[in-house]
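Chemist: Let me begin by handing over the structure; questions about it come next.
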Amino acid sequence: MGVGIVVAIVTFFVVGAVTGVCVLQTPATGTMEGLLTAICVSYPFFYHASVKRYNFLHPVPRRYKVPVKQAFGKIRKHLDEKTYNFGDKWNVPTADTLERRINATIRYTDEESHLEGSSVNNLHTKTERKQRFIVMDIQFKEEPNDTVVVQFDFKPEVEGVNWAACDHVIKGMVSDAEALLGPGTDAGSAADTILPAPPWWVIGVAACNLLVLFGDIKTAVFK
């Protein structure tokens, strides 16, 4: 995501400057061309980041050589015992052995630091307490020969600008399950990060970019 933002900013300034100075030969022009080009160029980076984020929050199901009842019981017990920095624990409103599904939530506070100040010489670090909230859904699918497939799905909500603030909790829970149930194998495939055909809105933005460019060139030539 950060790479996409950097690419968009650089593209905006470079294309805007080149268009205004070299093509239109008019200072302070080329802003719209730079903006539209930045949107088109940064789209692949944002797409890749969004798919990667989806795969993180919805990891590939894992298959374990463990009976489903044993797997369910181990993870359920682990959720009761797991604690974090300030004694925060998982709340388990649903642990349905018939549907083989566990739904759990956790709300906790975390420290987030950022720079603030009215000038460069007055910059200082300020630390604030921010709220974090995660909804976790775990589904168990029984297979022959005492084998189970476990699927995790996470939905984090964060206060503040650090959208990845809950990632360490999510990573830890997935790793804990692997440690509890033993080595597992993938029971599916992650969402593909290969860029598909561009959506209609990207094509539309590119077309608008050309129209704006031709219009500005016409204005610059015949003014």
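Chain labels run A, B, ... following the order of the structure tokens; each chain numbers its residues from 1, and ligands are numbered from 1 in the order shown.
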Using only C-alpha atoms, which residues sit within 10 Å of region 160-172 of chain A once same-chain residues fewer than 4 positions away are excluded, as a list of chain:residue names?

Modeler: A:Arg53, A:Phe56, A:Leu57, A:Tyr84, A:Ile106, A:Tyr108, A:Asp110, A:Glu111, A:Glu112, A:Ser113, A:His114, A:Glu128, A:Arg129, A:Lys130, A:Gln131, A:Arg132, A:Phe133, A:Ile134, A:Met136, A:Phe152, A:Asp153, A:Phe154, A:Lys155, A:Pro156, A:Asp176, A:Ala177, A:Glu178

Chemist: Restricting the output to C-alpha atoms, write the selected residues as a short mmCIF file (atom, residue, chain, number, x, y, z; two decimals), in the first residue's frame.

Modeler:
data_model
loop_
_atom_site.label_atom_id
_atom_site.label_comp_id
_atom_site.auth_asym_id
_atom_site.auth_seq_id
_atom_site.Cartn_x
_atom_site.Cartn_y
_atom_site.Cartn_z
CA ARG A 53 -4.24 -8.03 2.77
CA PHE A 56 -3.62 -12.25 5.44
CA LEU A 57 -7.06 -11.77 7.02
CA TYR A 84 -2.06 -10.12 26.13
CA ILE A 106 -11.08 -9.23 21.61
CA TYR A 108 -7.75 -4.09 23.85
CA ASP A 110 -2.38 -0.30 22.46
CA GLU A 111 0.16 2.50 22.49
CA GLU A 112 0.71 4.43 19.27
CA SER A 113 3.45 7.03 18.84
CA HIS A 114 3.66 9.83 16.30
CA GLU A 128 -1.41 7.82 22.84
CA ARG A 129 -3.55 4.85 23.84
CA LYS A 130 -5.69 3.56 20.98
CA GLN A 131 -8.51 1.03 20.88
CA ARG A 132 -8.17 -2.21 18.89
CA PHE A 133 -10.91 -4.72 18.13
CA ILE A 134 -10.77 -8.07 16.32
CA MET A 136 -12.29 -13.96 14.65
CA PHE A 152 -9.55 -18.74 10.15
CA ASP A 153 -11.20 -15.46 9.19
CA PHE A 154 -10.36 -12.15 10.86
CA LYS A 155 -11.96 -8.72 10.83
CA PRO A 156 -9.86 -6.09 12.65
CA ASP A 176 -0.57 -20.82 18.01
CA ALA A 177 -3.02 -23.04 16.14
CA GLU A 178 -0.17 -24.58 14.17
#

Chemist: Can you tell me, as a PyMOL selection string, which residues in region 38-206 of chain A count as helix (DSSP H, G or I) by DSSP?

Modeler: chain A and resi 38-57+68-81+120-122+167-181+200-206

Chemist: Skip Val148 (chain A) itself and residues of its chain fewer than 6 positions away, then list as a PyMOL selection string all residues within 12 Å of it, counting only C-alpha atoms.

Modeler: chain A and resi 61-72+100+139-142+181-182+184-187

Chemist: Point out the residue among A:His48, A:Ala190, A:Tyr54, A:Asp137 with the least atom-to-atom distance to Val92 (chain A), counting only C-alpha atoms.

Modeler: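 Among the listed residues, A:Asp137 lies closest to Val92 (chain A).
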
Chemist: Tell me which protein, DNA and RNA residues are within 9 Å of Leu79 (chain A), counting only C-alpha atoms, leaving out same-chain ones fewer than 5 positions away, and put them as a PyMOL selection string.

Modeler: chain A and resi 74+89-92+104

Chemist: May I ask which of the residues A:Lys77, A:Val135, A:Phe86, A:Ser50 is the closest one to Asn103 (chain A), counting only C-alpha atoms?

Modeler: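 Closest residue, counting only C-alpha atoms: A:Val135.
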
Chemist: What is the CA of Glu157 (chain A)-CA of Ser189 (chain A) distance in Å, reported with one decimal?

Modeler: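 Computing the Euclidean distance for CA of Glu157 (chain A) and CA of Ser189 (chain A) yields 25.7 Å.
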